[in-house]
Amino acid sequence: MTTRHLLSTALCATLALPAVAQDVLELDEIIVSGSLTPVEAGRTGATVEKLDADALTAAARPVSERLGSLPGVSFTRNGGTGASTNLYIRGLGAQYVGVRINGIDVADPSKTQSQYDFGGLLSFGISSVEVLKGSQSALYGSEAIAGLIDIRTDEAVRPGYTSTAAFEAGSYGTYAGGISTVMESDSGKLSFTLSHLSTDGFSSRASDDEDDGFEQTFLTFGLEQDVSDGLTLGLSGLYRTSETDYDLSDTDPEGETSRDETGLRAFARVTGGAMHHEFSASLFETERSYPGGYTEDYSGRRRNLAYLGTAELSDISSLSVGLDYTEEEFEIDGWDADDRSWSVSGEWLYAAAPTVDLSVALRYDDHSDFGSHVSGRLAAAWRAAPDWTIRAVAGTGFRAPSLFERYSDYGDPGLEEETSRSFELGAERRFGSDSFAKATAFYTEIEDRIDFDTASTACVGGPGCYAQVDGTTVSRGIELSGRYGVGPALALRGNYTYTDAKTEGQRAERVPRHDLVLGLDTLLSDRLTGTVEVQHVADVIPSSYAPADHKVGDYTLVNAGFTYALTAATDLTLRLENLGDEDYETADGYNTPGRSAYVGVRASF
């Protein structure tokens, strides 16, 4: 995937855009993740939710909480900030969600199922998040059955030089601060973010009352430079180190885990004439330690080489072709395994009419252990009227079994990939520049799902192994969302998601059937703004291992926030979370935050 850059934006604004369409369509918001090259939001058939920097300013707030208020997105967390956090898209868990930070694939290869843990990822320093929904293996390969989350920390809020410093303190002995800088010119860009959080926390397990703290430092950087008229070189990286208290067992609350993540990505972008090329190399490493645990040390590594070339075939069409080579390896308590895969992909973007845009994508993956797989996606966007957009997508996907699922004591080397099909149909109506109503119906089915089977004897550590389970997993539902600007000082917003996720009639655990969010944003004075949000979750079933006194079920959260402009460049902030002091659980047997408050200061210069 290309990084967002001035040249990429210019390319997508002209590529596959017929002259007649330019007369009736103004330049729209750019979506990076919906295709192999950036596309205007009104011209992509994919369903993409986007959060910008203004929605991600709180220094101490986990990103998962903000994502959990989007349509079709939910999460479970085993305690407070820093605890293990799984994100769900349309009822499908974290193993089906690809995650990129500044173009780096950050899924942990040493996890039981390769996935990203959102537990310690905070909002500060993030410039944008895109949530791409539906089976996207035709663009992103394995793990993208439910969709992809694309996170950027290197985008400029405004042209030129921008720095932001923030500090926030509040409940549970929480202190967080950071500084973020982006400098952008016509010939290059430099970005840097550094943040730190420390919290005493609260007991993760509901069965005891000892506080479980968390401390983390997170750094990202990026550099792009035009070294000639047709050549841009870039380097980006991330580093995260953290320590988390956790309970080793019901009788021993003295556990502590540490985590280190390192990512690097280098690229060269070559432009000229009708062809655009990008060559990239990336590395991601993770280490986790659980002293005293059943398994104490985990480490994973991913190396990736990629090429993406885009050709402007005509005024109304373009073709992108990608090549990808990936090596993954893991080590658990001194035992290791690895695999390799390569792929070739392509996407044709075609403006079939001034109001119709098509995307046809195809990808071939070849894996060192279980062979090949072909994924496809067809997406269409039809601007039926100046303020109406109809979207339709059909796609297939797959998830390769993780290294742990194949080679651990509980794994089976004979496991095959999971496969999926997804369909969605949506309509969006715009009312001016800041109001809209949107509805999307979705359907995804998964075959050959891999899960832990207590009766299986196919592994060394059996009975009890990872195995292909019988039946088809189906997740279907509808997403409704909207925003209405009542006037210059008041806006109402909301969304509702109905999700019916089952495997052979058995409902998916920890997935809300009903998820409703209502919000109000208001300008209280020329200096004071406020927001109130209510979220009601209903009809959730716990896991089969839930304790008898679990609190997984219906709950309602009321949150509020206020910002006071002390000067033109300095804001004072107040966040109030769970005002009703709701006692609930998203993961059975694990506590969630009660009523809490956080005050902060944020300055831009």
# chains A, B, ... in the order shown; residues from 1 in each chain; ligands from 1
>>> select_by_dssp(residues="segment 375-603 of chain A", states="alpha helix (DSSP H)", output="PyMOL selection string")
chain A and resi 403-407
>>> write_last_selection(atoms="C-alpha atoms", output="short mmCIF file (atom, residue, chain, number, x, y, z; two decimals), in the first residue's frame")
data_model
loop_
_atom_site.label_atom_id
_atom_site.label_comp_id
_atom_site.auth_asym_id
_atom_site.auth_seq_id
_atom_site.Cartn_x
_atom_site.Cartn_y
_atom_site.Cartn_z
CA LEU A 403 2.60 -20.56 13.16
CA PHE A 404 1.27 -21.39 16.63
CA GLU A 405 -1.79 -23.17 15.21
CA ARG A 406 0.46 -25.33 13.05
CA TYR A 407 3.67 -25.93 14.99
#
>>> select_by_dssp(residues="segment 131-253 of chain A", states="strand (DSSP E or B)", output="MDAnalysis selection string")
chainID A and resid 131:133 147:152 160:170 174:184 188:202 205 212:228 231:246
>>> residues_around(residues="segment 585-600 of chain A", least_positions_apart="4", cutoff="8 Å", atoms="only C-alpha atoms", output="PyMOL selection string")
chain A and resi 75-80+166-171+202-207+510+542-543+546-547+549-553+572-581
>>> write_last_selection(atoms="N, CA and C atoms", output="short mmCIF file (atom, residue, chain, number, x, y, z; two decimals), in the first residue's frame")
data_model
loop_
_atom_site.label_atom_id
_atom_site.label_comp_id
_atom_site.auth_asym_id
_atom_site.auth_seq_id
_atom_site.Cartn_x
_atom_site.Cartn_y
_atom_site.Cartn_z
N PHE A 75 -15.20 -4.18 20.76
CA PHE A 75 -13.95 -4.71 21.31
C PHE A 75 -14.21 -5.36 22.65
N THR A 76 -13.30 -6.25 23.04
CA THR A 76 -13.28 -6.82 24.38
C THR A 76 -11.92 -6.53 24.98
N ARG A 77 -11.89 -6.29 26.31
CA ARG A 77 -10.62 -5.98 26.97
C ARG A 77 -10.56 -6.68 28.32
N ASN A 78 -9.42 -7.30 28.60
CA ASN A 78 -9.24 -8.05 29.84
C ASN A 78 -8.75 -7.15 30.97
N GLY A 79 -9.49 -6.07 31.27
CA GLY A 79 -9.10 -5.15 32.33
C GLY A 79 -9.04 -3.72 31.84
N GLY A 80 -8.08 -2.96 32.38
CA GLY A 80 -7.96 -1.55 32.06
C GLY A 80 -7.02 -1.28 30.91
N ALA A 166 0.78 17.60 24.55
CA ALA A 166 -0.43 17.34 25.36
C ALA A 166 -0.04 16.64 26.65
N PHE A 167 -0.83 16.92 27.67
CA PHE A 167 -0.69 16.24 28.97
C PHE A 167 -2.07 16.00 29.52
N GLU A 168 -2.28 14.82 30.11
CA GLU A 168 -3.58 14.48 30.67
C GLU A 168 -3.37 13.66 31.94
N ALA A 169 -4.18 13.91 32.96
CA ALA A 169 -4.09 13.18 34.22
C ALA A 169 -5.49 12.95 34.75
N GLY A 170 -5.65 11.84 35.51
CA GLY A 170 -6.99 11.59 36.04
C GLY A 170 -7.09 10.33 36.83
N SER A 171 -8.22 9.69 36.77
CA SER A 171 -8.58 8.55 37.61
C SER A 171 -7.59 7.40 37.49
N PHE A 202 -6.61 -0.64 37.88
CA PHE A 202 -7.50 -1.32 38.83
C PHE A 202 -7.34 -2.82 38.59
N SER A 203 -7.92 -3.63 39.42
CA SER A 203 -7.76 -5.08 39.27
C SER A 203 -8.38 -5.56 37.95
N SER A 204 -7.58 -6.25 37.16
CA SER A 204 -8.11 -6.80 35.92
C SER A 204 -9.13 -7.89 36.20
N ARG A 205 -8.79 -8.81 37.05
CA ARG A 205 -9.72 -9.89 37.39
C ARG A 205 -10.80 -9.39 38.34
N ALA A 206 -12.01 -9.81 38.07
CA ALA A 206 -13.12 -9.43 38.95
C ALA A 206 -13.06 -10.16 40.29
N SER A 207 -12.22 -11.21 40.38
CA SER A 207 -12.18 -12.03 41.59
C SER A 207 -11.26 -11.50 42.67
N ARG A 510 -19.32 -12.99 22.91
CA ARG A 510 -18.82 -11.63 23.20
C ARG A 510 -19.09 -10.64 22.07
N PRO A 542 -21.71 -14.61 26.85
CA PRO A 542 -20.34 -14.79 27.31
C PRO A 542 -19.69 -16.00 26.65
N SER A 543 -18.40 -16.18 26.92
CA SER A 543 -17.72 -17.37 26.43
C SER A 543 -18.14 -18.59 27.23
N ALA A 546 -16.92 -18.76 30.91
CA ALA A 546 -17.25 -17.65 31.81
C ALA A 546 -17.55 -18.15 33.22
N PRO A 547 -17.06 -17.42 34.24
CA PRO A 547 -17.42 -17.79 35.62
C PRO A 547 -18.90 -17.54 35.86
N ASP A 549 -20.43 -15.87 38.05
CA ASP A 549 -20.81 -14.51 38.44
C ASP A 549 -20.35 -13.46 37.42
N HIS A 550 -20.19 -13.86 36.17
CA HIS A 550 -19.76 -12.91 35.14
C HIS A 550 -20.80 -11.81 34.94
N LYS A 551 -20.35 -10.69 34.33
CA LYS A 551 -21.23 -9.54 34.10
C LYS A 551 -21.29 -9.16 32.62
N VAL A 552 -21.06 -10.14 31.75
CA VAL A 552 -21.20 -9.90 30.32
C VAL A 552 -22.68 -9.83 29.99
N GLY A 553 -23.10 -8.78 29.30
CA GLY A 553 -24.51 -8.62 28.96
C GLY A 553 -24.80 -7.20 28.54
N LEU A 572 -7.68 23.69 27.21
CA LEU A 572 -7.86 22.90 28.42
C LEU A 572 -8.98 21.89 28.15
N THR A 573 -8.79 20.65 28.60
CA THR A 573 -9.76 19.60 28.30
C THR A 573 -10.23 18.89 29.57
N LEU A 574 -11.45 18.39 29.50
CA LEU A 574 -12.02 17.58 30.57
C LEU A 574 -12.77 16.42 29.93
N ARG A 575 -12.42 15.18 30.33
CA ARG A 575 -13.12 13.98 29.87
C ARG A 575 -13.79 13.30 31.05
N LEU A 576 -15.06 12.95 30.88
CA LEU A 576 -15.81 12.24 31.90
C LEU A 576 -16.29 10.93 31.30
N GLU A 577 -15.84 9.80 31.86
CA GLU A 577 -16.14 8.49 31.30
C GLU A 577 -17.06 7.70 32.23
N ASN A 578 -18.00 6.98 31.64
CA ASN A 578 -18.92 6.11 32.38
C ASN A 578 -19.59 6.87 33.52
N LEU A 579 -20.25 7.95 33.17
CA LEU A 579 -20.86 8.82 34.17
C LEU A 579 -21.88 8.08 35.05
N GLY A 580 -22.51 7.06 34.52
CA GLY A 580 -23.47 6.30 35.31
C GLY A 580 -22.85 5.23 36.17
N ASP A 581 -21.52 5.12 36.14
CA ASP A 581 -20.78 4.12 36.91
C ASP A 581 -21.33 2.71 36.67
#
>>> residues_around(residues="Ala437 of chain A", least_positions_apart="4", cutoff="8 Å", atoms="only C-alpha atoms", output="ChimeraX atom specification")
/A:428-430,480-483
>>> atom_distance(atom1="atom CA of Ser420 of chain A", atom2="atom CA of Thr472 of chain A")
9.7 Å
>>> closest_residue(among="A:Glu296, A:Asp154, A:Glu582, A:Asp571", to="Phe192 of chain A", atoms="only C-alpha atoms")
A:Asp154
>>> atom_distance(atom1="atom CA of Gly487 of chain A", atom2="atom CA of Val532 of chain A")
16.9 Å
>>> residues_around(residues="Ile126 of chain A", least_positions_apart="2", cutoff="12 Å", atoms="only C-alpha atoms", output="PDB file with N, CA and C atoms, in the first residue's frame")
ATOM      1  N   LEU A  51     -11.513   8.233  11.007  1.00  0.00           N
ATOM      2  CA  LEU A  51     -11.321   9.152  12.120  1.00  0.00           C
ATOM      3  C   LEU A  51     -10.124  10.024  11.811  1.00  0.00           C
ATOM      4  N   ASP A  52     -10.278  11.352  11.998  1.00  0.00           N
ATOM      5  CA  ASP A  52      -9.131  12.236  11.783  1.00  0.00           C
ATOM      6  C   ASP A  52      -8.539  12.650  13.121  1.00  0.00           C
ATOM      7  N   ALA A  53      -7.521  13.514  13.064  1.00  0.00           N
ATOM      8  CA  ALA A  53      -6.780  13.891  14.270  1.00  0.00           C
ATOM      9  C   ALA A  53      -7.671  14.564  15.305  1.00  0.00           C
ATOM     10  N   ASP A  54      -8.691  15.303  14.874  1.00  0.00           N
ATOM     11  CA  ASP A  54      -9.568  15.999  15.817  1.00  0.00           C
ATOM     12  C   ASP A  54     -10.339  15.029  16.708  1.00  0.00           C
ATOM     13  N   ALA A  55     -10.542  13.799  16.238  1.00  0.00           N
ATOM     14  CA  ALA A  55     -11.272  12.799  17.024  1.00  0.00           C
ATOM     15  C   ALA A  55     -10.350  11.944  17.879  1.00  0.00           C
ATOM     16  N   LEU A  56      -9.032  12.233  17.826  1.00  0.00           N
ATOM     17  CA  LEU A  56      -8.051  11.370  18.482  1.00  0.00           C
ATOM     18  C   LEU A  56      -7.053  12.193  19.284  1.00  0.00           C
ATOM     19  N   THR A  57      -7.543  13.157  20.054  1.00  0.00           N
ATOM     20  CA  THR A  57      -6.661  14.096  20.742  1.00  0.00           C
ATOM     21  C   THR A  57      -6.328  13.710  22.177  1.00  0.00           C
ATOM     22  N   ALA A  58      -7.128  12.852  22.819  1.00  0.00           N
ATOM     23  CA  ALA A  58      -6.934  12.556  24.239  1.00  0.00           C
ATOM     24  C   ALA A  58      -5.659  11.744  24.450  1.00  0.00           C
ATOM     25  N   ALA A  59      -4.763  12.251  25.305  1.00  0.00           N
ATOM     26  CA  ALA A  59      -3.459  11.622  25.493  1.00  0.00           C
ATOM     27  C   ALA A  59      -3.555  10.263  26.168  1.00  0.00           C
ATOM     28  N   ARG A  61      -6.454   8.195  26.271  1.00  0.00           N
ATOM     29  CA  ARG A  61      -7.577   7.352  25.862  1.00  0.00           C
ATOM     30  C   ARG A  61      -7.134   6.300  24.851  1.00  0.00           C
ATOM     31  N   PRO A  62      -7.405   5.015  25.110  1.00  0.00           N
ATOM     32  CA  PRO A  62      -7.072   3.972  24.136  1.00  0.00           C
ATOM     33  C   PRO A  62      -7.834   4.158  22.824  1.00  0.00           C
ATOM     34  N   VAL A  63      -7.156   3.874  21.721  1.00  0.00           N
ATOM     35  CA  VAL A  63      -7.789   3.975  20.408  1.00  0.00           C
ATOM     36  C   VAL A  63      -8.985   3.025  20.309  1.00  0.00           C
ATOM     37  N   ILE A 101       0.318   0.176  10.651  1.00  0.00           N
ATOM     38  CA  ILE A 101       0.688   1.474  11.214  1.00  0.00           C
ATOM     39  C   ILE A 101       1.772   2.058  10.324  1.00  0.00           C
ATOM     40  N   ASN A 102       1.464   3.162   9.661  1.00  0.00           N
ATOM     41  CA  ASN A 102       2.382   3.805   8.709  1.00  0.00           C
ATOM     42  C   ASN A 102       2.900   2.804   7.672  1.00  0.00           C
ATOM     43  N   LEU A 121      -2.373   0.775  22.591  1.00  0.00           N
ATOM     44  CA  LEU A 121      -2.336   1.808  21.564  1.00  0.00           C
ATOM     45  C   LEU A 121      -3.235   2.967  21.980  1.00  0.00           C
ATOM     46  N   LEU A 122      -2.617   4.153  22.182  1.00  0.00           N
ATOM     47  CA  LEU A 122      -3.341   5.336  22.641  1.00  0.00           C
ATOM     48  C   LEU A 122      -3.614   6.284  21.477  1.00  0.00           C
ATOM     49  N   SER A 123      -4.513   7.223  21.710  1.00  0.00           N
ATOM     50  CA  SER A 123      -4.973   8.107  20.642  1.00  0.00           C
ATOM     51  C   SER A 123      -3.951   9.178  20.273  1.00  0.00           C
ATOM     52  N   PHE A 124      -3.156   9.643  21.247  1.00  0.00           N
ATOM     53  CA  PHE A 124      -2.299  10.788  20.980  1.00  0.00           C
ATOM     54  C   PHE A 124      -1.292  10.486  19.861  1.00  0.00           C
ATOM     55  N   SER A 128      -4.690   9.868  11.609  1.00  0.00           N
ATOM     56  CA  SER A 128      -5.916   9.352  10.985  1.00  0.00           C
ATOM     57  C   SER A 128      -5.995   7.847  11.176  1.00  0.00           C
ATOM     58  N   VAL A 129      -7.232   7.351  11.176  1.00  0.00           N
ATOM     59  CA  VAL A 129      -7.493   5.913  11.188  1.00  0.00           C
ATOM     60  C   VAL A 129      -8.579   5.630  10.162  1.00  0.00           C
ATOM     61  N   GLU A 130      -8.328   4.665   9.298  1.00  0.00           N
ATOM     62  CA  GLU A 130      -9.346   4.191   8.369  1.00  0.00           C
ATOM     63  C   GLU A 130      -9.709   2.745   8.713  1.00  0.00           C
ATOM     64  N   ASP A 150      -6.178   0.869   9.014  1.00  0.00           N
ATOM     65  CA  ASP A 150      -4.989   1.581   8.545  1.00  0.00           C
ATOM     66  C   ASP A 150      -4.783   2.815   9.417  1.00  0.00           C
ATOM     67  N   ILE A 151      -3.662   2.852  10.137  1.00  0.00           N
ATOM     68  CA  ILE A 151      -3.371   3.910  11.109  1.00  0.00           C
ATOM     69  C   ILE A 151      -2.172   4.721  10.613  1.00  0.00           C
ATOM     70  N   ARG A 152      -2.318   6.048  10.669  1.00  0.00           N
ATOM     71  CA  ARG A 152      -1.221   6.933  10.252  1.00  0.00           C
ATOM     72  C   ARG A 152      -0.872   7.878  11.401  1.00  0.00           C
ATOM     73  N   THR A 153       0.422   8.100  11.574  1.00  0.00           N
ATOM     74  CA  THR A 153       0.899   9.095  12.544  1.00  0.00           C
ATOM     75  C   THR A 153       1.708  10.187  11.864  1.00  0.00           C
ATOM     76  N   ASP A 154       1.807  10.138  10.536  1.00  0.00           N
ATOM     77  CA  ASP A 154       2.744  11.002   9.813  1.00  0.00           C
ATOM     78  C   ASP A 154       2.071  12.013   8.896  1.00  0.00           C
ATOM     79  N   GLU A 155       0.790  12.283   9.101  1.00  0.00           N
ATOM     80  CA  GLU A 155       0.092  13.219   8.228  1.00  0.00           C
ATOM     81  C   GLU A 155       0.026  14.599   8.860  1.00  0.00           C
ATOM     82  N   ALA A 156       0.212  15.622   8.056  1.00  0.00           N
ATOM     83  CA  ALA A 156       0.157  16.999   8.546  1.00  0.00           C
ATOM     84  C   ALA A 156      -1.291  17.434   8.731  1.00  0.00           C
ATOM     85  N   VAL A 157      -1.581  18.045   9.885  1.00  0.00           N
ATOM     86  CA  VAL A 157      -2.910  18.593  10.131  1.00  0.00           C
ATOM     87  C   VAL A 157      -3.157  19.783   9.225  1.00  0.00           C
ATOM     88  N   THR A 164       2.400  19.565  18.290  1.00  0.00           N
ATOM     89  CA  THR A 164       1.377  19.484  19.320  1.00  0.00           C
ATOM     90  C   THR A 164       1.969  18.829  20.558  1.00  0.00           C
ATOM     91  N   GLY A 178       2.679  13.720  25.693  1.00  0.00           N
ATOM     92  CA  GLY A 178       3.396  13.450  24.461  1.00  0.00           C
ATOM     93  C   GLY A 178       3.618  14.694  23.638  1.00  0.00           C
ATOM     94  N   ILE A 179       4.462  14.538  22.614  1.00  0.00           N
ATOM     95  CA  ILE A 179       4.717  15.614  21.662  1.00  0.00           C
ATOM     96  C   ILE A 179       4.724  15.017  20.267  1.00  0.00           C
ATOM     97  N   SER A 180       4.132  15.732  19.336  1.00  0.00           N
ATOM     98  CA  SER A 180       4.031  15.266  17.959  1.00  0.00           C
ATOM     99  C   SER A 180       4.376  16.420  17.024  1.00  0.00           C
ATOM    100  N   THR A 181       5.213  16.147  16.029  1.00  0.00           N
ATOM    101  CA  THR A 181       5.663  17.180  15.095  1.00  0.00           C
ATOM    102  C   THR A 181       5.596  16.661  13.671  1.00  0.00           C
ATOM    103  N   VAL A 182       5.046  17.473  12.775  1.00  0.00           N
ATOM    104  CA  VAL A 182       5.063  17.176  11.346  1.00  0.00           C
ATOM    105  C   VAL A 182       5.506  18.432  10.605  1.00  0.00           C
ATOM    106  N   SER A 191       8.232  13.656  10.220  1.00  0.00           N
ATOM    107  CA  SER A 191       7.270  13.510  11.307  1.00  0.00           C
ATOM    108  C   SER A 191       7.914  12.776  12.474  1.00  0.00           C
ATOM    109  N   PHE A 192       7.425  13.098  13.683  1.00  0.00           N
ATOM    110  CA  PHE A 192       7.968  12.488  14.895  1.00  0.00           C
ATOM    111  C   PHE A 192       6.909  12.551  15.988  1.00  0.00           C
ATOM    112  N   THR A 193       6.699  11.433  16.684  1.00  0.00           N
ATOM    113  CA  THR A 193       5.750  11.381  17.790  1.00  0.00           C
ATOM    114  C   THR A 193       6.366  10.597  18.945  1.00  0.00           C
ATOM    115  N   LEU A 194       6.270  11.151  20.140  1.00  0.00           N
ATOM    116  CA  LEU A 194       6.747  10.474  21.343  1.00  0.00           C
ATOM    117  C   LEU A 194       5.707  10.660  22.438  1.00  0.00           C
ATOM    118  N   SER A 195       5.267   9.559  23.048  1.00  0.00           N
ATOM    119  CA  SER A 195       4.270   9.647  24.112  1.00  0.00           C
ATOM    120  C   SER A 195       4.622   8.668  25.227  1.00  0.00           C
ATOM    121  N   PHE A 218       5.890   5.121  23.625  1.00  0.00           N
ATOM    122  CA  PHE A 218       5.613   4.826  22.215  1.00  0.00           C
ATOM    123  C   PHE A 218       6.231   5.922  21.360  1.00  0.00           C
ATOM    124  N   LEU A 219       6.969   5.511  20.326  1.00  0.00           N
ATOM    125  CA  LEU A 219       7.655   6.456  19.441  1.00  0.00           C
ATOM    126  C   LEU A 219       7.403   6.067  17.999  1.00  0.00           C
ATOM    127  N   THR A 220       7.127   7.050  17.161  1.00  0.00           N
ATOM    128  CA  THR A 220       7.070   6.834  15.717  1.00  0.00           C
ATOM    129  C   THR A 220       7.822   7.958  15.013  1.00  0.00           C
ATOM    130  N   PHE A 221       8.334   7.674  13.827  1.00  0.00           N
ATOM    131  CA  PHE A 221       8.979   8.716  13.025  1.00  0.00           C
ATOM    132  C   PHE A 221       8.775   8.409  11.554  1.00  0.00           C
TER     133      PHE A 221
END
>>> decode(residues="segment 225-301 of chain A", atoms="C-alpha atoms", output="mmCIF file, in the first residue's frame")
data_model
loop_
_atom_site.group_PDB
_atom_site.id
_atom_site.type_symbol
_atom_site.label_atom_id
_atom_site.label_comp_id
_atom_site.auth_asym_id
_atom_site.auth_seq_id
_atom_site.Cartn_x
_atom_site.Cartn_y
_atom_site.Cartn_z
ATOM 1 C CA GLN A 225 12.340 13.469 0.532
ATOM 2 C CA ASP A 226 12.188 14.157 -3.192
ATOM 3 C CA VAL A 227 15.775 13.576 -4.292
ATOM 4 C CA SER A 228 14.950 14.391 -7.908
ATOM 5 C CA ASP A 229 11.933 15.249 -10.056
ATOM 6 C CA GLY A 230 10.942 11.600 -10.337
ATOM 7 C CA LEU A 231 12.368 9.941 -7.226
ATOM 8 C CA THR A 232 11.212 10.083 -3.601
ATOM 9 C CA LEU A 233 12.899 8.159 -0.801
ATOM 10 C CA GLY A 234 11.314 7.502 2.579
ATOM 11 C CA LEU A 235 11.856 5.812 5.927
ATOM 12 C CA SER A 236 9.400 5.273 8.775
ATOM 13 C CA GLY A 237 9.572 3.438 12.064
ATOM 14 C CA LEU A 238 7.886 2.697 15.358
ATOM 15 C CA TYR A 239 8.980 1.506 18.782
ATOM 16 C CA ARG A 240 6.769 0.577 21.717
ATOM 17 C CA THR A 241 7.839 -0.741 25.097
ATOM 18 C CA SER A 242 5.472 -1.472 27.969
ATOM 19 C CA GLU A 243 5.045 -3.258 31.284
ATOM 20 C CA THR A 244 1.677 -4.514 32.510
ATOM 21 C CA ASP A 245 0.609 -6.012 35.822
ATOM 22 C CA TYR A 246 -1.679 -9.028 35.561
ATOM 23 C CA ASP A 247 -2.966 -11.885 37.683
ATOM 24 C CA LEU A 248 -1.099 -15.156 37.160
ATOM 25 C CA SER A 249 -4.089 -17.091 38.506
ATOM 26 C CA ASP A 250 -7.136 -16.820 40.747
ATOM 27 C CA THR A 251 -4.825 -17.230 43.767
ATOM 28 C CA ASP A 252 -1.688 -15.373 42.578
ATOM 29 C CA PRO A 253 -2.157 -11.713 41.527
ATOM 30 C CA GLU A 254 1.562 -10.892 41.316
ATOM 31 C CA GLY A 255 2.220 -11.329 37.580
ATOM 32 C CA GLU A 256 3.964 -8.795 35.333
ATOM 33 C CA THR A 257 4.378 -8.900 31.586
ATOM 34 C CA SER A 258 6.608 -6.824 29.313
ATOM 35 C CA ARG A 259 6.255 -6.137 25.610
ATOM 36 C CA ASP A 260 8.549 -4.592 23.001
ATOM 37 C CA GLU A 261 7.598 -3.855 19.392
ATOM 38 C CA THR A 262 9.877 -2.486 16.674
ATOM 39 C CA GLY A 263 8.929 -1.669 13.100
ATOM 40 C CA LEU A 264 10.820 -0.158 10.147
ATOM 41 C CA ARG A 265 9.780 0.540 6.567
ATOM 42 C CA ALA A 266 11.878 2.011 3.759
ATOM 43 C CA PHE A 267 10.558 2.886 0.313
ATOM 44 C CA ALA A 268 11.505 4.405 -3.012
ATOM 45 C CA ARG A 269 8.796 5.999 -5.138
ATOM 46 C CA VAL A 270 9.508 6.546 -8.841
ATOM 47 C CA THR A 271 7.181 8.654 -10.972
ATOM 48 C CA GLY A 272 7.316 9.646 -14.588
ATOM 49 C CA GLY A 273 4.956 9.744 -17.515
ATOM 50 C CA ALA A 274 2.012 7.396 -17.163
ATOM 51 C CA MET A 275 3.794 4.960 -14.807
ATOM 52 C CA HIS A 276 4.278 5.191 -11.034
ATOM 53 C CA HIS A 277 6.334 2.693 -9.050
ATOM 54 C CA GLU A 278 6.919 2.062 -5.357
ATOM 55 C CA PHE A 279 9.487 -0.360 -3.930
ATOM 56 C CA SER A 280 9.431 -1.047 -0.193
ATOM 57 C CA ALA A 281 11.024 -3.208 2.488
ATOM 58 C CA SER A 282 9.687 -3.561 6.022
ATOM 59 C CA LEU A 283 10.540 -5.338 9.255
ATOM 60 C CA PHE A 284 8.402 -5.909 12.341
ATOM 61 C CA GLU A 285 9.599 -7.591 15.544
ATOM 62 C CA THR A 286 7.790 -8.254 18.803
ATOM 63 C CA GLU A 287 8.882 -9.733 22.117
ATOM 64 C CA ARG A 288 6.577 -10.627 25.027
ATOM 65 C CA SER A 289 7.615 -11.954 28.422
ATOM 66 C CA TYR A 290 5.436 -13.510 31.153
ATOM 67 C CA PRO A 291 7.752 -14.480 34.042
ATOM 68 C CA GLY A 292 6.204 -17.271 36.075
ATOM 69 C CA GLY A 293 3.627 -18.077 33.416
ATOM 70 C CA TYR A 294 3.011 -21.474 31.806
ATOM 71 C CA THR A 295 4.819 -20.111 28.750
ATOM 72 C CA GLU A 296 7.241 -17.309 29.575
ATOM 73 C CA ASP A 297 8.808 -15.913 26.392
ATOM 74 C CA TYR A 298 7.351 -15.185 22.959
ATOM 75 C CA SER A 299 9.059 -13.504 20.025
ATOM 76 C CA GLY A 300 7.935 -12.939 16.444
ATOM 77 C CA ARG A 301 9.435 -11.413 13.317
#
